[in-house]
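Engineer: What follows is entry.cif, mmCIF, C-alpha atoms and all ligand atoms.
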data_entry
#
loop_
_atom_site.label_atom_id
_atom_site.label_comp_id
_atom_site.auth_asym_id
_atom_site.auth_seq_id
_atom_site.Cartn_x
_atom_site.Cartn_y
_atom_site.Cartn_z
CA MET S 454 80.02 88.73 106.23
CA SER S 455 77.15 87.28 104.23
CA LYS S 456 77.16 87.36 100.44
CA LYS S 457 74.12 89.64 100.49
CA GLN S 458 76.07 92.47 102.09
CA LYS S 459 78.86 92.47 99.45
CA LYS S 460 77.97 95.38 97.23
CA TYR S 461 81.26 96.68 95.91
CA ASP S 462 82.87 93.54 94.51
CA ASN S 463 82.86 94.60 90.87
CA PRO S 464 82.34 97.79 88.84
CA PHE S 465 78.72 96.97 87.92
CA ALA S 466 77.62 96.18 91.48
CA ALA S 467 79.43 99.29 92.78
CA THR S 468 77.80 101.52 90.13
CA TYR S 469 74.34 100.09 90.91
CA LYS S 470 74.86 100.56 94.66
CA GLY S 471 76.06 104.14 94.16
CA ILE S 472 73.03 105.04 92.08
CA SER S 473 70.49 103.28 94.34
CA ASP S 474 71.89 105.08 97.41
CA LEU S 475 71.11 108.42 95.79
CA PHE S 476 67.41 107.59 95.85
CA LYS S 477 67.32 106.66 99.55
CA LYS S 478 65.96 109.17 101.99
CA GLN S 479 68.83 110.80 103.91
CA GLU S 480 68.67 112.94 107.01
CA ARG S 481 70.67 116.07 106.23
CA VAL S 482 73.26 117.29 108.74
CA GLY S 483 72.75 120.91 107.86
CA VAL S 484 73.60 123.53 105.29
CA LEU S 485 76.37 126.06 105.00
CA SER S 486 75.32 129.43 106.37
CA LEU S 487 76.47 132.83 105.12
CA ASP S 488 78.83 132.94 108.13
CA ASP S 489 80.63 129.84 106.97
CA ARG S 490 83.37 131.74 105.18
CA LEU S 491 86.97 130.63 104.77
CA ASP S 492 88.65 134.04 104.56
CA GLY S 493 92.12 133.83 106.10
CA LYS S 494 92.22 130.02 105.85
CA ARG S 495 94.93 128.26 103.86
CA ILE S 496 93.89 124.88 102.46
CA LEU S 497 96.05 122.17 100.88
CA ILE S 498 94.03 119.83 98.66
CA THR S 499 95.38 116.83 96.73
CA GLY S 500 93.94 115.54 93.46
CA SER S 501 92.50 118.94 92.58
CA SER S 502 93.30 118.70 88.87
CA SER S 503 90.13 116.72 88.13
CA GLY S 504 86.61 115.77 89.20
CA LEU S 505 85.68 116.25 92.84
CA GLY S 506 88.98 117.87 93.85
CA LEU S 507 88.84 120.48 91.11
CA ALA S 508 85.23 121.37 91.95
CA THR S 509 86.01 121.48 95.68
CA ALA S 510 89.01 123.78 95.14
CA THR S 511 86.73 126.15 93.21
CA GLN S 512 84.00 126.15 95.89
CA LEU S 513 86.54 126.76 98.67
CA ALA S 514 88.11 129.63 96.74
CA LYS S 515 84.63 131.14 96.32
CA LEU S 516 84.27 131.02 100.12
CA GLY S 517 87.43 133.11 100.48
CA ALA S 518 90.06 130.43 101.17
CA GLU S 519 93.62 130.55 99.91
CA VAL S 520 93.87 127.24 98.07
CA ILE S 521 97.05 125.25 97.41
CA MET S 522 96.28 122.70 94.73
CA ALA S 523 98.69 119.75 95.15
CA VAL S 524 98.49 117.99 91.82
CA ARG S 525 100.24 115.52 89.54
CA SER S 526 99.05 117.25 86.35
CA GLY S 527 97.25 120.36 85.16
CA ILE S 528 99.82 123.01 86.17
CA PRO S 529 99.06 125.84 85.43
CA GLU S 530 95.80 125.42 83.46
CA LYS S 531 93.68 123.87 86.22
CA GLY S 532 94.71 126.63 88.61
CA GLU S 533 93.78 129.23 86.01
CA GLU S 534 90.39 127.49 85.67
CA VAL S 535 89.80 127.70 89.42
CA LYS S 536 90.81 131.37 89.43
CA LYS S 537 88.40 132.12 86.60
CA LYS S 538 85.47 130.20 88.04
CA SER S 539 85.92 131.45 91.61
CA GLY S 540 87.00 135.00 90.85
CA SER S 541 89.84 134.53 93.36
CA GLU S 542 93.55 135.09 92.77
CA LYS S 543 94.54 133.26 95.97
CA ILE S 544 95.22 130.00 94.13
CA HIS S 545 98.60 128.24 94.10
CA MET S 546 99.71 125.02 92.50
CA LEU S 547 102.36 122.58 93.69
CA HIS S 548 103.40 119.37 91.99
CA VAL S 549 103.13 116.02 93.75
CA ASP S 550 103.10 112.43 92.61
CA LEU S 551 101.57 110.54 95.52
CA SER S 552 102.98 107.22 94.34
CA ASP S 553 106.46 108.63 94.99
CA PHE S 554 107.40 109.35 98.61
CA ASP S 555 110.32 111.57 97.55
CA SER S 556 107.79 113.73 95.71
CA ILE S 557 105.63 113.94 98.87
CA LYS S 558 108.69 115.11 100.83
CA GLU S 559 109.40 117.75 98.19
CA LEU S 560 105.79 118.93 98.42
CA ILE S 561 106.10 119.33 102.19
CA ASP S 562 109.39 121.24 101.84
CA GLU S 563 107.67 123.62 99.42
CA VAL S 564 104.64 124.04 101.66
CA LYS S 565 106.95 124.82 104.58
CA THR S 566 109.26 127.23 102.82
CA THR S 567 106.68 129.02 100.66
CA PHE S 568 103.65 129.08 102.95
CA GLY S 569 104.72 128.12 106.47
CA LYS S 570 101.45 126.85 107.87
CA ILE S 571 98.20 125.44 106.54
CA ASP S 572 94.85 125.43 108.33
CA ILE S 573 93.14 122.57 106.51
CA LEU S 574 94.33 119.51 104.60
CA ILE S 575 92.01 117.65 102.22
CA CYS S 576 93.28 114.21 101.15
CA ASN S 577 91.20 113.73 98.03
CA ALA S 578 93.39 112.07 95.36
CA ALA S 579 92.76 108.41 94.55
CA ILE S 580 92.78 106.00 91.64
CA VAL S 581 90.97 102.88 90.46
CA SER S 582 93.69 101.15 88.50
CA LYS S 583 92.92 98.48 85.96
CA LYS S 584 95.72 96.25 87.19
CA ALA S 585 98.37 96.03 89.85
CA ARG S 586 101.39 98.22 89.07
CA LYS S 587 104.63 98.65 90.99
CA THR S 588 105.76 102.06 92.18
CA LYS S 589 109.44 102.97 92.24
CA HIS S 590 109.43 101.85 95.88
CA GLY S 591 108.20 98.36 94.86
CA LEU S 592 104.75 98.89 96.40
CA GLU S 593 101.40 98.39 94.67
CA GLU S 594 100.34 101.74 93.19
CA MET S 595 96.68 101.84 94.28
CA PHE S 596 97.67 100.78 97.83
CA SER S 597 100.29 103.51 97.84
CA VAL S 598 98.26 106.38 96.37
CA ASN S 599 94.95 105.56 98.05
CA TYR S 600 96.30 104.72 101.49
CA LEU S 601 100.03 104.83 102.33
CA ALA S 602 100.66 108.23 100.72
CA LYS S 603 98.07 109.71 103.09
CA PHE S 604 99.81 108.14 106.08
CA VAL S 605 103.12 109.66 104.91
CA LEU S 606 101.70 113.07 103.93
CA VAL S 607 99.79 113.62 107.17
CA ASN S 608 102.56 112.35 109.45
CA LEU S 609 105.22 114.45 107.73
CA LEU S 610 103.04 117.58 107.81
CA LEU S 611 102.54 116.99 111.55
CA LYS S 612 106.23 116.27 112.13
CA GLU S 613 107.23 119.42 110.26
CA ASP S 614 104.71 121.39 112.32
CA CYS S 615 102.86 122.61 109.22
CA PHE S 616 99.41 122.99 110.78
CA ASN S 617 98.39 126.36 112.17
CA LYS S 618 97.50 125.77 115.84
CA GLU S 619 97.37 129.45 116.82
CA ASP S 620 93.86 130.03 115.48
CA ASP S 621 90.71 129.61 117.62
CA ASP S 622 89.46 127.11 115.03
CA LEU S 623 91.05 123.68 115.14
CA PRO S 624 93.11 122.53 112.14
CA ARG S 625 91.03 120.15 110.02
CA ILE S 626 92.28 117.03 108.24
CA ILE S 627 89.69 115.66 105.81
CA PHE S 628 89.77 112.33 103.99
CA VAL S 629 87.67 111.66 100.92
CA SER S 630 86.65 108.05 101.48
CA SER S 631 83.92 105.86 100.04
CA GLU S 632 81.09 103.73 101.35
CA SER S 633 82.93 100.85 99.68
CA HIS S 634 85.20 100.83 102.76
CA ARG S 635 82.46 98.63 104.30
CA ASN S 636 82.90 95.93 101.66
CA PRO S 637 85.98 93.97 102.80
CA ASP S 638 85.54 91.06 105.22
CA GLY S 639 88.58 92.13 107.18
CA PHE S 640 92.21 93.16 107.10
CA GLU S 641 94.91 91.25 105.23
CA TRP S 642 97.42 91.54 108.04
CA ASP S 643 99.53 88.55 106.97
CA THR S 644 100.35 90.10 103.60
CA PHE S 645 100.14 93.79 104.53
CA GLY S 646 101.99 95.96 102.01
CA GLU S 647 103.09 93.04 99.84
CA PHE S 648 102.71 93.51 96.11
CA LYS S 649 99.58 91.62 95.01
CA ASP S 650 98.77 91.05 91.39
CA TYR S 651 95.20 91.77 90.26
CA GLY S 652 93.34 92.68 87.10
CA MET S 653 90.29 94.79 86.26
CA GLY S 654 87.91 92.19 87.74
CA LYS S 655 89.35 92.75 91.22
CA SER S 656 90.21 96.46 91.06
CA VAL S 657 86.98 97.71 92.66
CA GLU S 658 87.36 95.18 95.47
CA ARG S 659 90.98 96.35 96.05
CA TYR S 660 89.77 99.99 95.96
CA GLY S 661 87.27 99.25 98.76
CA TYR S 662 89.98 97.59 100.83
CA TYR S 663 92.32 100.58 100.50
CA LYS S 664 89.44 102.89 101.46
CA LEU S 665 89.00 100.72 104.58
CA LEU S 666 92.71 101.19 105.38
CA MET S 667 92.42 104.96 104.91
CA THR S 668 89.23 105.23 107.00
CA THR S 669 90.79 103.14 109.80
CA PHE S 670 93.86 105.39 109.68
CA ALA S 671 91.61 108.48 109.99
CA GLN S 672 89.99 107.07 113.15
CA GLU S 673 93.35 106.17 114.69
CA LEU S 674 94.79 109.57 113.73
CA SER S 675 91.94 111.32 115.53
CA ARG S 676 92.52 109.21 118.67
CA ARG S 677 96.27 109.95 118.61
CA LEU S 678 95.90 113.68 117.99
CA ASN S 679 93.13 114.11 120.54
CA PRO S 680 94.07 111.92 123.51
CA ASN S 681 92.40 113.74 126.42
CA GLN S 682 88.84 114.44 125.25
CA GLN S 683 90.07 117.93 124.39
CA PRO S 684 90.16 118.06 120.62
CA LYS S 685 93.23 119.70 119.08
CA TYR S 686 92.59 118.60 115.49
CA SER S 687 89.42 117.74 113.64
CA VAL S 688 89.81 114.56 111.59
CA PHE S 689 86.89 114.10 109.23
CA ALA S 690 86.04 111.65 106.47
CA LEU S 691 83.24 111.42 103.95
CA CYS S 692 81.84 109.61 100.97
CA PRO S 693 80.64 112.00 98.24
CA GLY S 694 78.39 109.37 96.62
CA PRO S 695 78.71 108.67 92.89
CA VAL S 696 80.52 111.50 91.11
CA ASN S 697 80.61 112.13 87.37
CA SER S 698 84.39 112.42 87.36
CA ASN S 699 87.35 110.74 85.66
CA ILE S 700 87.58 107.98 88.28
CA ALA S 701 86.77 105.24 85.73
CA ARG S 702 89.42 106.44 83.26
CA GLU S 703 91.16 103.05 83.32
CA ALA S 704 88.02 101.01 82.59
CA PRO S 705 88.27 99.05 79.30
CA ALA S 706 87.79 101.23 76.20
CA ILE S 707 84.80 99.13 75.14
CA PHE S 708 82.86 100.19 78.28
CA GLN S 709 83.83 103.89 78.14
CA PRO S 710 80.85 105.07 76.00
CA LEU S 711 78.38 103.24 78.26
CA LEU S 712 80.08 104.55 81.42
CA LYS S 713 79.96 108.07 80.03
CA ILE S 714 76.21 107.78 79.55
CA VAL S 715 75.55 106.16 82.96
CA PHE S 716 77.82 108.63 84.78
CA GLY S 717 76.28 111.56 82.89
CA ILE S 718 72.71 110.56 83.69
CA PHE S 719 72.90 109.08 87.17
CA PHE S 720 76.07 110.33 88.84
CA ARG S 721 76.21 113.75 90.45
CA SER S 722 78.20 116.60 89.00
CA PRO S 723 81.49 117.24 90.83
CA GLU S 724 80.10 120.63 91.94
CA LYS S 725 77.06 119.02 93.58
CA ALA S 726 79.08 116.12 94.96
CA SER S 727 81.55 118.49 96.60
CA GLU S 728 78.87 119.63 99.10
CA PRO S 729 79.92 117.28 101.98
CA VAL S 730 83.62 118.12 101.46
CA VAL S 731 82.89 121.84 101.50
CA TYR S 732 80.57 121.45 104.51
CA LEU S 733 83.20 119.58 106.56
CA THR S 734 85.82 122.14 105.52
CA ALA S 735 83.84 125.32 106.18
CA SER S 736 80.91 124.67 108.49
CA LYS S 737 80.91 126.06 112.02
CA ASP S 738 78.50 123.22 112.97
CA VAL S 739 81.45 120.79 113.10
CA GLU S 740 83.92 123.19 114.73
CA GLY S 741 85.66 121.58 117.72
CA LYS S 742 84.69 118.03 116.80
CA ALA S 743 87.46 115.41 116.94
CA THR S 744 85.91 113.17 114.32
CA ASP S 745 83.00 112.97 111.92
CA TYR S 746 81.90 110.97 108.87
CA LEU S 747 79.36 111.98 106.26
CA PHE S 748 77.82 109.92 103.50
CA LEU S 749 76.47 112.50 101.05
CA MET S 750 75.04 115.04 103.53
CA SER S 751 74.01 112.57 106.23
CA ARG S 752 76.02 111.61 109.31
CA LYS S 753 76.93 107.95 109.76
CA ASP S 754 79.28 105.79 111.79
CA VAL S 755 82.17 104.43 109.80
CA ASP S 756 82.37 100.65 109.53
CA GLU S 757 83.05 98.95 112.88
CA LYS S 758 86.29 97.48 111.51
CA ALA S 759 87.54 101.03 110.98
CA ILE S 760 86.48 102.19 114.46
CA SER S 761 88.25 99.30 116.24
CA VAL S 762 91.16 100.55 118.38
CA GLU S 763 92.92 97.22 117.89
CA ASN S 764 92.76 97.52 114.09
CA GLY S 765 93.79 101.19 114.19
CA THR S 766 96.83 100.52 116.39
CA LYS S 767 97.88 97.53 114.32
CA LEU S 768 97.51 99.41 111.05
CA TRP S 769 99.58 102.30 112.37
CA HIS S 770 102.44 100.04 113.51
CA MET S 771 102.40 97.95 110.35
CA SER S 772 102.46 101.09 108.18
CA GLU S 773 105.46 102.44 110.12
CA ASP S 774 107.25 99.08 109.80
CA LEU S 775 106.51 98.88 106.08
CA LEU S 776 107.89 102.37 105.49
CA GLN S 777 111.00 101.54 107.46
CA LYS S 778 111.50 98.35 105.41
CA THR S 779 110.98 100.39 102.23
CA GLY S 780 113.63 102.86 103.37
CA ILE S 781 111.24 105.77 103.86
CA GLU S 782 111.96 107.89 106.89
CA LEU S 783 109.04 109.56 108.59
N1 LIG I 801 83.78 109.23 91.43
C1 LIG I 801 83.08 108.59 92.34
O1 LIG I 801 81.99 108.06 92.05
C2 LIG I 801 83.58 108.53 93.77
C3 LIG I 801 82.77 107.90 94.74
C4 LIG I 801 83.24 107.83 96.04
C5 LIG I 801 84.46 108.40 96.38
N2 LIG I 801 85.21 109.00 95.41
C6 LIG I 801 86.51 109.58 95.80
O2 LIG I 801 86.58 110.93 95.39
C7 LIG I 801 87.96 111.32 95.28
C8 LIG I 801 88.19 112.09 94.00
O3 LIG I 801 88.01 111.21 92.90
P1 LIG I 801 87.27 111.68 91.57
O4 LIG I 801 86.02 110.87 91.50
O5 LIG I 801 87.20 113.14 91.49
O6 LIG I 801 88.28 111.06 90.46
P2 LIG I 801 89.21 111.77 89.38
O7 LIG I 801 88.45 112.71 88.55
O8 LIG I 801 89.89 110.63 88.68
O9 LIG I 801 90.27 112.57 90.26
C9 LIG I 801 91.30 111.90 90.94
C10 LIG I 801 92.41 112.89 91.27
O10 LIG I 801 93.46 112.16 91.92
C11 LIG I 801 94.70 112.52 91.29
N3 LIG I 801 95.72 111.50 91.38
C12 LIG I 801 95.64 110.20 90.99
N4 LIG I 801 96.83 109.59 91.16
C13 LIG I 801 97.68 110.51 91.68
C14 LIG I 801 99.03 110.50 92.06
N5 LIG I 801 99.80 109.41 91.93
N6 LIG I 801 99.58 111.64 92.54
C15 LIG I 801 98.84 112.76 92.66
N7 LIG I 801 97.54 112.85 92.32
C16 LIG I 801 96.97 111.73 91.82
C17 LIG I 801 94.31 112.75 89.84
O11 LIG I 801 95.34 113.48 89.20
P3 LIG I 801 95.50 113.46 87.58
O12 LIG I 801 94.43 114.36 87.07
O13 LIG I 801 96.88 113.97 87.36
O14 LIG I 801 95.35 112.05 87.16
C18 LIG I 801 93.01 113.52 90.00
O15 LIG I 801 93.27 114.87 90.27
C19 LIG I 801 88.76 110.02 95.40
O16 LIG I 801 89.26 109.88 96.70
C20 LIG I 801 87.71 108.94 95.13
O17 LIG I 801 88.07 107.71 95.71
C21 LIG I 801 84.80 109.09 94.12
#
In structure tokens, how does this file's structure come out?
Structural biologist:
Amino acid sequence: MSKKQKKYDNPFAATYKGISDLFKKQERVGVLSLDDRLDGKRILITGSSSGLGLATATQLAKLGAEVIMAVRSGIPEKGEEVKKKSGSEKIHMLHVDLSDFDSIKELIDEVKTTFGKIDILICNAAIVSKKARKTKHGLEEMFSVNYLAKFVLVNLLLKEDCFNKEDDDLPRIIFVSSESHRNPDGFEWDTFGEFKDYGMGKSVERYGYYKLLMTTFAQELSRRLNPNQQPKYSVFALCPGPVNSNIAREAPAIFQPLLKIVFGIFFRSPEKASEPVVYLTASKDVEGKATDYLFLMSRKDVDEKAISVENGTKLWHMSEDLLQKTGIEL
């Protein structure tokens, strides 16, 4: 890939790219209609204690959904906030730390025993960490939270038969990705899953790479769940564009005041930025589709590296092997 195409190598370049994209003309996919209600739908959404996830949980509750907020923090106050803002009482909160696979298993047990089935899963949680940190499983935290946790969560929910397949509407699995998934030159197969040290200067680059892993997983998941051209699950992904959230919470303290100003002026509010997530969750326009990807409200192909069947298959096998080596049973 030429140097010119590298736009997410550092926080400044990524911020500039995010802002400049907002000013480009986009062809809109559509809008939610009054029929696009979510009454009777049960939705599990991760990372809904903050930013985009919190705003999305509120919008979905307003559309009539029963929302299970799977969060690391904010119990019960963030749930109370969603209830107040949406006017809905159908809000539940479950604890999960996505860097801890035992915690993911506990979440799934609770979903199964308390709720039985879910109709829609939204994998929203992610971090931009200022440096490499080890999880209790010895894996790098951003790799784990932003990619491998999704692989574990989705596969265990499928294994435990937690998706409602009785409805006319297909179950939907939605990944909040980022256009930065296009940034990496390729996959680091030789060192896949190994702990790699990095500091703030490389964190945005690592973030883009983990978004590539997640987006490639989403494509492979859709192929595996929908083998015979007859979709059984919708697997969607999207980039919400720049969001005025807490994503840069680990940026150096000296930059925080500047970031606050830039985010406040140029980045979109979480409510506005949640539009593509809410659209892919609720719209009848995408009903029956096996896969889709939106950048803001326009439809795009994901990066060709993520579409590649070879990459998808390899990633799947390497993720399974890594989990086995780490002692995590799927
Ligand atoms: N902000 C942007 O400009 C932008 C652009 C493109 C894509 N995105 C994507 O949008 C999604 C939402 O991010 P955001 O911008 O709303 O950031 P945010 O405000 O920082 O929210 C991130 C959420 O992830 C949760 N989380 C982080 N680590 C976790 C863990 N180990 N276990 C469980 N939950 C964890 C956080 O929980 P706590 O509150 O407990 O920390 C928080 O609820 C992410 O996937 C992000 O990559 C954001």
Engineer: Calculate how many Å separate CA of Tyr662 in chain S from CA of Asn463 in chain S, rounding to one decimal.
Structural biologist: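 So the answer is 12.6 Å.
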Engineer: With distances taken over all atoms listed in the file, which residue among S:Glu563, S:Asp492, S:Glu703, S:Glu763 lies nearest Gly652 in chain S?
Structural biologist: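 Using all atoms listed in the file, Gly652 in chain S sits closest to S:Glu703.
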Engineer: Output the neighbourhood of ligand LIG 801 (chain I) as number ranges by chain, that is, all protein and nucleic acid residues with some atom at most 7 Å from the ligand, counting all atoms listed in the file.
Structural biologist: S: 499-506, 524-527, 549-552, 577-580, 598, 629-631, 692-702
Engineer: Per residue of range 476-517 of chain S within 12 Å of range 610-621 of chain S, record the nearest atom pair and its distance in Å to one decimal, counting only C-alpha atoms, with rows in chain order and ascending residue number, as a Markdown table.
Structural biologist:
| residue | atom | partner | partner_atom | distance |
| --- | --- | --- | --- | --- |
| S:Gly493 | CA | S:Asp620 | CA | 10.3 |
| S:Lys494 | CA | S:Asn617 | CA | 9.6 |
| S:Arg495 | CA | S:Asn617 | CA | 9.2 |
| S:Ile496 | CA | S:Phe616 | CA | 10.2 |
| S:Leu497 | CA | S:Phe616 | CA | 10.5 |
Engineer: Smallest atom-to-atom distance to Leu665 in chain S: which of S:His634, S:Lys685, S:Arg490, S:Lys565, using all atoms listed in the file?
Structural biologist: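 Looking at the shortest contact to Leu665 in chain S, the residue is S:His634.
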Engineer: Near range 774-776 of chain S, counting only C-alpha atoms, which residues have an atom at most 10 Å away, once you skip same-chain residues fewer than 4 positions from it, shown as a ChimeraX atom specification?
Structural biologist: /S:554,590,592,601,604-605,645-647,768-770,780-783
Engineer: CA of Ala759 in chain S and CA of Gln672 in chain S are how many Å apart?
Structural biologist: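 The value is 6.9 Å.
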Engineer: What separation in Å, quoted to one decimal, exists between CA of Arg635 in chain S and CA of Leu485 in chain S?
Structural biologist: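 One can read the CA of Arg635 in chain S to CA of Leu485 in chain S distance as 28.1 Å.
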Engineer: With range 729-740 of chain S as the partner and 12 Å as the cut-off, tabulate the residues of range 546-632 of chain S that qualify, each row holding the nearest pair of atoms and their distance in Å to one decimal, using only C-alpha atoms, sorted by chain and rising number, as a Markdown table.
Structural biologist:
| residue | atom | partner | partner_atom | distance |
| --- | --- | --- | --- | --- |
| S:Asp572 | CA | S:Thr734 | CA | 10.0 |
| S:Ile573 | CA | S:Thr734 | CA | 7.4 |
| S:Leu574 | CA | S:Thr734 | CA | 9.0 |
| S:Ile575 | CA | S:Thr734 | CA | 8.3 |
| S:Cys576 | CA | S:Val730 | CA | 10.4 |
| S:Asn577 | CA | S:Val730 | CA | 9.4 |
| S:Asp621 | CA | S:Glu740 | CA | 9.8 |
| S:Asp622 | CA | S:Glu740 | CA | 6.8 |
| S:Leu623 | CA | S:Glu740 | CA | 7.2 |
| S:Pro624 | CA | S:Glu740 | CA | 9.6 |
| S:Arg625 | CA | S:Thr734 | CA | 7.2 |
| S:Ile626 | CA | S:Thr734 | CA | 8.7 |
| S:Ile627 | CA | S:Thr734 | CA | 7.6 |
| S:Phe628 | CA | S:Val730 | CA | 8.8 |
| S:Val629 | CA | S:Val730 | CA | 7.6 |
| S:Ser630 | CA | S:Val730 | CA | 10.5 |
Engineer: For Arg659 in chain S, which of S:Ser772, S:Gln682, S:Ser633, S:Thr644 is the closest residue, counting all atoms listed in the file?
Structural biologist: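 Among S:Ser772, S:Gln682, S:Ser633, S:Thr644, it is S:Ser633 that comes nearest to Arg659 in chain S.
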Engineer: Would you mind telling me which residue in S:Val482, S:Leu516, S:Ile521, S:Ala467 lies nearest to Arg752 in chain S when using all atoms listed in the file?
Structural biologist: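 Using all atoms listed in the file, Arg752 in chain S sits closest to S:Val482.
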Engineer: I need the residue nearest Gly517 in chain S from this list: S:Leu487, S:Leu749, S:Ala466, S:Met546. Use only C-alpha atoms for the distance.
Structural biologist: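 The answer is S:Leu487, which sits nearest to Gly517 in chain S.
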Engineer: Which is closer to Ser761 in chain S than all the others in S:Ala706, S:Ala671, S:Ile561, S:Met653, using all atoms listed in the file?
Structural biologist: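 Once distances to Ser761 in chain S are computed over all atoms listed in the file, the minimum belongs to S:Ala671.
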